[in-house]
Amino acid sequence: MSKRKRPESNAPSDSLTDHERLIYDVIRSKQDMGIWTRDMKRELRVNLPDNIVTKSIKSLQNKSLIKEVVNIHSKGKKHLMAVEFEPSKEISGGAWYSEGSLDTEFIKVVKSQCLKQIIKLKVATLEGISDSIKRSGAFKVDLTKQQIEEIVRALVLDNQIMEVKSNGSGEFTNIPVGKVCYKNVSKGGGGGEPKTGSLASIPCGVCPQINICTPDGVISPKTCVYYTTWLDF
């Protein structure tokens, strides 16, 4: 019976020293979380001198097996990760961070696009905003619903848009009753942007009881103090 030929491998990880293998295995085991250099030393099964650790780390980097990544929670600490993994959101900060710093320019662009789509749609749900942005091809990467929601909430806090609930009629005809949606609150109305007057701030739009509000019911516009105040305004 002939012996099975052992496959040849030229992978960099096959030519590691014992010290490099120990360090590489610890770093790789942390996957997308990576590990701080000092924590890595604690997890080694043997007590290696600092110069050996430093030399081994440099060698692993030169062999393109590990890389340094930025941990937004501890930027001053050397954080290591196997090259096959990408940093998790917990340490990278997610899509809004670039190289450990908040990507304010990217956030501005996304906010601008979200506002643009809301103005275009007049009234928009999160799903509508997301779909409209995808169709526009404004970004090379797909933004998640969570990312869109984070930006939309920021626009609400900036008082650039308002959160309302559909009443199922008028401009809300295609949106289910009670569904949360968003409208532009620009006061100038220039450049084709819709003006926002008193009607845009009607309390019914954000009332959690809108689904059970009827003219002659227990909850009714006739007895609603918020609605009365709005009329007086």
# chains A, B, ... in the order shown; residues from 1 in each chain; ligands from 1
>>> closest_atom_pairs(of="range 46-129 of chain A", to="range 179-182 of chain A", cutoff="9 Å", atoms="only C-alpha atoms", output="Markdown table")
| residue | atom | partner | partner_atom | distance |
| --- | --- | --- | --- | --- |
| A:Ile118 | CA | A:Tyr182 | CA | 7.0 |
| A:Lys122 | CA | A:Tyr182 | CA | 8.4 |
| A:Val123 | CA | A:Tyr182 | CA | 5.6 |
| A:Ala124 | CA | A:Cys181 | CA | 5.3 |
| A:Thr125 | CA | A:Cys181 | CA | 4.3 |
| A:Leu126 | CA | A:Cys181 | CA | 6.9 |
>>> residues_around(residues="Lys67 in chain A", least_positions_apart="4", cutoff="10 Å", atoms="only C-alpha atoms", output="number ranges by chain")
A: 27, 34, 57-58, 60-62, 79-85
>>> write_last_selection(atoms="C-alpha atoms", output="short mmCIF file (atom, residue, chain, number, x, y, z; two decimals), in the first residue's frame")
data_model
loop_
_atom_site.label_atom_id
_atom_site.label_comp_id
_atom_site.auth_asym_id
_atom_site.auth_seq_id
_atom_site.Cartn_x
_atom_site.Cartn_y
_atom_site.Cartn_z
CA ILE A 27 -4.54 36.73 19.25
CA GLY A 34 -8.85 41.42 19.18
CA ILE A 57 4.61 40.52 17.26
CA LYS A 58 6.70 42.39 14.69
CA LEU A 60 3.74 38.19 12.81
CA GLN A 61 2.91 41.60 11.37
CA ASN A 62 5.62 41.26 8.71
CA HIS A 79 -4.76 46.31 20.17
CA LEU A 80 -3.94 43.28 18.03
CA MET A 81 -6.12 41.13 15.78
CA ALA A 82 -5.64 38.33 13.24
CA VAL A 83 -5.81 39.76 9.71
CA GLU A 84 -8.71 37.48 8.71
CA PHE A 85 -11.08 39.34 11.02
#
>>> atom_distance(atom1="CA of Val53 in chain A", atom2="CA of Gly76 in chain A")
18.8 Å
>>> closest_residue(among="A:Leu16, A:Met33, A:Leu44, A:Leu155", to="Gln113 in chain A", atoms="only C-alpha atoms")
A:Leu155
>>> atom_distance(atom1="CA of Lys120 in chain A", atom2="CA of Val185 in chain A")
13.0 Å
>>> atom_distance(atom1="CA of Asp18 in chain A", atom2="CA of Lys55 in chain A")
12.6 Å
